[in-house]
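Colleague: The structure under discussion is supplied below as C-alpha cells; questions concerning it will follow.
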Amino acid sequence: MKRHLPATALAAVAVLALAGCGSDPAAPAKASPVGVQPNQDALAGVTKNEAIAALLPPEVRASGTVKLGGTVAAPPAAYYPEGRHEPAGVDVDLVNGVAKVLGITVQREDAAFESILPALGSGKYDVGTGNFGVTEARLKTTDFVTYIDDGQGFAVRSDNTALTGVTDLVQLCGLTVGTGAGTTFEATLNAKKDVCAQAGKKPYEVKSFSDNGAVITGLQQGRLDVVMSTINGLRYQAAQPGSKTRFLGEYHRLDVGFAFKKGSPLTPAFQAAVNELIKDGSYQKILAKWGTTDSAITESKINPPEHS
C-alpha cells in the first residue's frame with residue numbers, strides 16, 4: 001500500500017525513514033511509544049534562509065517543488081502515531097526543518113525501502129529517505145547528504161540469556177538471524193557467512209523481510225534467534241513496555257543521509273540546510289525530542305567515506 005499526498009509546504013509534510021531496514025507503510029503504531037513527544041514543536045523559529053535557498057538549482061527555485069520517496073517503519077525514525085495520518089519521528093522533523101530553511105514544497109510518496117535507490121536513478125524521485133547508511137557500495141551509484149550517525153546493532157528476546165553481545169559474526173553461528181530486505185544488514189550478513197565454516201561451526205541462517213514489523217514479531221515469537229537492524233531502532237524498541245526484546249549493543253556505526261541520484265545538483269543546498277539547523281540549535285532539539293542525542297553529528301557532509 002502506498003500513500004500519495006498532494007504537494008504542500010515541505011515544512012508541513014512528513015518524510016519516512018529507518019536506517020537501512022525494510023518498511024511497512026500501511027501499519028500505524030498502536031500508541032505513542034515511551035519517550036516520544038509527537039506533538040512537540042522542535043522547529044519553532046526556523047525560517048527560510050535566502051542565501052541557502054539560492055543554492056538550489058534554477059529549476060527547483062522556479063517550481064519550488066521536489067519529489068521525494070520515503071519509507072516508514074518504526075520509531076524513533078518514522079512511524080504513524082495512533083489516530084494520525086501523517087508520520088512522526090526524528091527523520092520526519094529533520095526533513096521538515098530542511099524544507100523550512102529552503103522554503104520548498106515536496107511531493108511525497110511512501111515507498112518500499114529497497115525500491116527507493118533504484119527510483120532515484122530512474123528520476124522518479126529527486127530525494128529519498130529510508131535512514132540510508134552511507135557505505136562504499138552505495139556511494140558508487142548514490143550521493144548522500146548526512147544528517148545523523150546511526151548504524152548496525154543486534155537484539156534478542158528478553159528471555160535469551162545465551163547471547164550477551166555480538167562483536168564478531170562468528171557468535172551468530174548456528175542461529176537464525178532476521179533482518180530487513182535490501183539493507184546494509186542483509187549485505188553484511190550474507191557477505192560474511194563463511195566465518196562460520198572457517199571456524200568449523202554450523203553457518204547462521206539469514207531470513208530477510210520487507211516488513212520491519214515482521215522482523216520484530218519473528219523475534220518475539222521465537223522464529224528468529226536474533227535480529228540485526230538499526231542501533232536507534234533496536235534500542236528504542238527494547239525500551240518499550242512489553243517489547244520482549246533486549247538490545248545487545250552496537251556492531252558498526254554508519255553515517256545516515258538523504259539519498260540522491262549520483263551527480264544531483266540538490267546536494268549543496270540540502271547540506272547547507274542541515275548545517276543551518278545544527279547552527280541554530282533546532283537540530284539538537286529534534287534529536288533530544290526523539291531520544292537520539294548520542295547519534296548527533298557536528299557537521300553535515302556530502303559523500304563521506306564509510307566508517308572504518
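Simple scheme: letters A, B, ... for chains in C-alpha cells order, numbers from 1 for residues in each chain, numbers from 1 for ligands in the order shown.
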Can I get the residues of region 229-269 of chain A within 9 Å of region 74-94 of chain A, each with the closest pair of atoms and their distance in Å to one decimal, using only C-alpha atoms, sorted chain first then ascending number, as a Markdown table?

Modeller:
```
| residue | atom | partner | partner_atom | distance |
| --- | --- | --- | --- | --- |
| A:Asn232 | CA | A:Pro76 | CA | 7.2 |
| A:Gly233 | CA | A:Pro76 | CA | 6.3 |
| A:Tyr236 | CA | A:Pro76 | CA | 6.9 |
| A:Gln237 | CA | A:Pro75 | CA | 7.9 |
```

Colleague: DSSP on the backbone: what in region 169-222 of chain A comes out strand (DSSP E), as a PyMOL selection string?

Modeller: chain A and resi 176-180+205-209

Colleague: Could you save the residues just selected, with C-alpha atoms, as a PDB file, in the first residue's frame?

Modeller:
```
ATOM      1  CA  THR A 176      18.617 -17.854  12.673  1.00  0.00           C
ATOM      2  CA  VAL A 177      19.132 -14.143  12.068  1.00  0.00           C
ATOM      3  CA  GLY A 178      16.338 -11.825  10.907  1.00  0.00           C
ATOM      4  CA  THR A 179      16.883  -8.533   9.110  1.00  0.00           C
ATOM      5  CA  GLY A 180      15.448  -6.137   6.521  1.00  0.00           C
ATOM      6  CA  GLU A 205      20.746 -18.670   8.517  1.00  0.00           C
ATOM      7  CA  VAL A 206      19.650 -15.243   7.268  1.00  0.00           C
ATOM      8  CA  LYS A 207      15.943 -14.511   6.897  1.00  0.00           C
ATOM      9  CA  SER A 208      15.121 -11.191   5.233  1.00  0.00           C
ATOM     10  CA  PHE A 209      11.818  -9.313   5.410  1.00  0.00           C
TER      11      PHE A 209
END
```

Colleague: Could you tell me how far CA of Arg108 (chain A) sits from CA of Ala44 (chain A), in Å to one decimal place?

Modeller: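 Separation between CA of Ala44 (chain A) and CA of Arg108 (chain A): 22.6 Å.
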
Colleague: Please determine, counting only C-alpha atoms, which residue among A:Phe113, A:Phe144, A:Tyr251, A:Phe132 has the shortest atom-to-atom distance to Leu266 (chain A).

Modeller: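 Closest residue, counting only C-alpha atoms: A:Phe144.
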
Colleague: Please return as a list in words: the residues of region 122-192 of chain A that backbone DSSP assigns to alpha helix (DSSP H).

Modeller: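 After running DSSP on the backbone, region 122-192 of chain A has alpha helix (DSSP H) at Ser122, Glu136, Ala137, Arg138, Leu139, Thr184, Phe185, Glu186, Ala187, Thr188, Leu189, Asn190 and Ala191 of chain A.
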